[in-house]
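Peer 1: This is the structure I want to talk about, given as structure tokens.
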Amino acid sequence: MTAARAAPASLRLDAEVIVVGAGFGGLGLAIQLKKARRDSFIVLERAADVGGTWRDNIYPGCACDIPAMLYSFSFERSANWTRIYPAQSEILAYLKRTARERGLLEHIRFNSDVVEARFDASTVTWTVALATGNVLRSRILVCAMGPLNKPNFGDIPGRPTFTGPSFHSSQWDHSVDLAGKNVAVIGTGASAIQFVPQVAPRTGKLTIFSRTPPWIIPRRDAPVGARRKIARAWFPFYARLERLAIYWMLEIRALGFAFKPELLERQESAMRRFIERSVPDPLLRAKVTPAYRAGCKRILISDDYYPTLARANVELVNAAVAEVRADSVVTSDGREVPADVIIYGTGFKATQGFAPVRIHGRNGIEIGDVWRDGMHAYLGTSVSGFPNFFLVIGPNTGLGHNSMIVMMEAQYRYIVGAIEHARNTIAPALDVKPGVMQAFNAGLQRRMRGTVWATGCSSWYQDARGKNVSLWPGFTFVFRMLTSRFDAGMYAAVGAAEHDS
């Protein structure tokens, strides 16, 4: 094998590594690059501050649904979480503080919206074009934009004709006064479950349109007492043990999600009892009881959603929205509901890749074309045809049972290992072999068939073809083992006489 030709010594690089995104994914990788003494990196962030989804989602009631001790970096633990499940503002403050104290701000370029990235085979580098017209160049490109950054309004006819205020939950308009208004909420996903109880008391009438009810378990949130805070601060072993206990408590759920969905029947029974305790009205109870296997869609947590539905000014409509008119919402069964304000709790376009950002690999191929039949990658991290290009939270790295931080940290280790290998060998760029990627994804999709996510429901985990391109079909510790070290044998050196498969 002939090694790839290195970039000319005279070629000016803006950094060895460019990372796109300053949310959890990008900040965590930046910390690991600094720990590995790879200080030649730039983080490009389209907004004016760090935080990603925790900066953008400022709707009432926004909070985490994983305990804070696990929904935080293992290498940046905090003893000061005020609640088991912290609010958005507390998580954002954690990310800001981490970026500041870890010396990341000097590496971040804010208001830098990436529009295109292109691999240059002649120099074995990446060029990254910004909306400002500036162009940056690096040896390695890492995309850490995450899947929850493009609001999905749904394909609802007439939406632009609505004359009142309307907005997506991730673009909350706090200037809109909801007091006494007829407010329509479309969707009952994770965001709606949190903001509905917050806004219902303010509205004149709140109508919630739900095609499919979610399974919900009790939240059981609580303040963190002073003794526990002291124990976390003064006894690091205690903090590690607490994190580990939460991890295994959640990880064991993968048995039902990924291997034996019938094991979830007991949890379904518990959730049905929760509905019976929370919803006295039998008609409303029937509306909120799902008819699909628990876990097929995301299981949500809330203590106040069901009681909110029983309020005199709240109505749950179990029908799809067929049309939006100037001052109303029309359902699929022909009912027209007056509306002064519409709030879309319709989730995100999580399976549509990086569009509108265009990423071109070898021979100019665009990643959207590679993913025309569904997003896929090797270990959710590398895509064949895109040398020295890596993903954080790539295809099939999402979780239905545990903290995404666990997956991200596994990817950090793998990506830093790849960077170290490229630096220490004669091959300046590595491209995962197409056969390796295909075999990995074929096996992954075979495993997906036996999971709860393949039991018949439709969810945001699936793309337009019904393929689950979002979730990891197994235990997180297996993913951590697979990414525990960078395996150069799975990659070919760019510029080789033959791209091995």
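Please note that chains go A, B, ... in the order of the structure tokens, that every chain numbers its residues from 1, and that ligands are numbered from 1 in the order shown.
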Please give the complete set of residues from segment 46-260 of chain A that DSSP, run on the backbone, assigns to alpha helix (DSSP H), formatted as a ChimeraX atom specification.

Peer 2: /A:53-56,88-101,190-199,226-234,236-251,254

Peer 1: Within 12 Å of Thr455 of chain A, counting only C-alpha atoms, which residues qualify if same-chain residues fewer than 4 places away don't, as a list in words?

Peer 2: Phe257, Ala258, Phe259, Lys260, Pro261, Glu262, Ala291, Tyr292, Arg293, Ala294, Gly295, Cys296, Lys297, Met448, Arg449, Gly450, Thr451, Ser459, Gly466 and Asn468 of chain A

Peer 1: Within 9 Å of segment 300-322 of chain A, which residues of segment 326-349 of chain A show up? Give each one with its shortest atom-to-atom distance in Å (one decimal) and the two atoms involved, counting only C-alpha atoms, rows by chain then rising residue number, as a Markdown table.

Peer 2:
```
| residue | atom | partner | partner_atom | distance |
| --- | --- | --- | --- | --- |
| A:Val329 | CA | A:Val321 | CA | 7.0 |
| A:Val330 | CA | A:Ala322 | CA | 5.7 |
| A:Thr331 | CA | A:Val321 | CA | 4.4 |
| A:Ser332 | CA | A:Ala322 | CA | 4.9 |
| A:Asp333 | CA | A:Ala319 | CA | 7.2 |
| A:Gly334 | CA | A:Ala322 | CA | 8.2 |
```

Peer 1: Next, dump the selected residues to file, keeping only N, CA and C atoms, as an mmCIF file, in the first residue's frame.

Peer 2:
```
data_model
loop_
_atom_site.group_PDB
_atom_site.id
_atom_site.type_symbol
_atom_site.label_atom_id
_atom_site.label_comp_id
_atom_site.auth_asym_id
_atom_site.auth_seq_id
_atom_site.Cartn_x
_atom_site.Cartn_y
_atom_site.Cartn_z
ATOM 1 N N VAL A 329 -57.685 25.277 13.815
ATOM 2 C CA VAL A 329 -57.020 24.025 13.474
ATOM 3 C C VAL A 329 -58.108 23.003 13.145
ATOM 4 N N VAL A 330 -57.943 22.301 12.024
ATOM 5 C CA VAL A 330 -58.932 21.336 11.574
ATOM 6 C C VAL A 330 -58.343 19.927 11.684
ATOM 7 N N THR A 331 -59.081 19.019 12.290
ATOM 8 C CA THR A 331 -58.599 17.657 12.487
ATOM 9 C C THR A 331 -59.000 16.755 11.325
ATOM 10 N N SER A 332 -58.442 15.566 11.317
ATOM 11 C CA SER A 332 -58.698 14.614 10.236
ATOM 12 C C SER A 332 -60.135 14.135 10.194
ATOM 13 N N ASP A 333 -60.851 14.274 11.308
ATOM 14 C CA ASP A 333 -62.267 13.879 11.315
ATOM 15 C C ASP A 333 -63.194 15.063 11.065
ATOM 16 N N GLY A 334 -62.623 16.199 10.637
ATOM 17 C CA GLY A 334 -63.422 17.342 10.215
ATOM 18 C C GLY A 334 -63.750 18.357 11.284
#
```

Peer 1: Go through A:Gln352, A:Thr397, A:Asn152, A:Asn80 and flag the residue nearest Ala410 of chain A, using only C-alpha atoms for the distances.

Peer 2: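 Once distances to Ala410 of chain A are computed over only C-alpha atoms, the minimum belongs to A:Thr397.
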
Peer 1: With the cut-off set at 12 Å and counting only C-alpha atoms, tabulate each residue of segment 337-370 of chain A with an atom at most that distance from an atom of segment 191-207 of chain A, showing the nearest atom pair and its distance in Å to one decimal, ordered by chain and increasing number, as CSV.

Peer 2:
```
residue,atom,partner,partner_atom,distance
A:Val337,CA,A:Thr207,CA,8.2
A:Pro338,CA,A:Thr207,CA,9.3
A:Ala339,CA,A:Thr207,CA,8.7
A:Asp340,CA,A:Lys205,CA,9.8
A:Val341,CA,A:Leu206,CA,9.7
A:Ile342,CA,A:Thr207,CA,9.6
A:Ile343,CA,A:Ala192,CA,9.0
A:Tyr344,CA,A:Ala192,CA,8.4
A:Gly345,CA,A:Ala192,CA,5.3
A:Thr346,CA,A:Ala192,CA,8.3
A:Gly347,CA,A:Ser191,CA,7.7
A:Phe348,CA,A:Ser191,CA,10.7
```

Peer 1: Can those selected residues be exported to a file as a CSV table (one decimal), in the first residue's frame so that it contains C-alpha atoms?

Peer 2:
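File produced: again33.csv:
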```
chain,number,residue,atom,x,y,z
A,337,VAL,CA,-61.0,24.2,16.7
A,338,PRO,CA,-60.6,28.0,17.2
A,339,ALA,CA,-57.0,29.0,17.9
A,340,ASP,CA,-55.4,32.4,18.8
A,341,VAL,CA,-51.9,30.8,19.2
A,342,ILE,CA,-50.4,27.6,17.9
A,343,ILE,CA,-47.4,25.9,19.6
A,344,TYR,CA,-45.7,23.1,17.7
A,345,GLY,CA,-44.4,20.3,19.9
A,346,THR,CA,-43.6,18.3,16.8
A,347,GLY,CA,-40.0,17.4,17.5
A,348,PHE,CA,-37.0,17.5,15.1
```
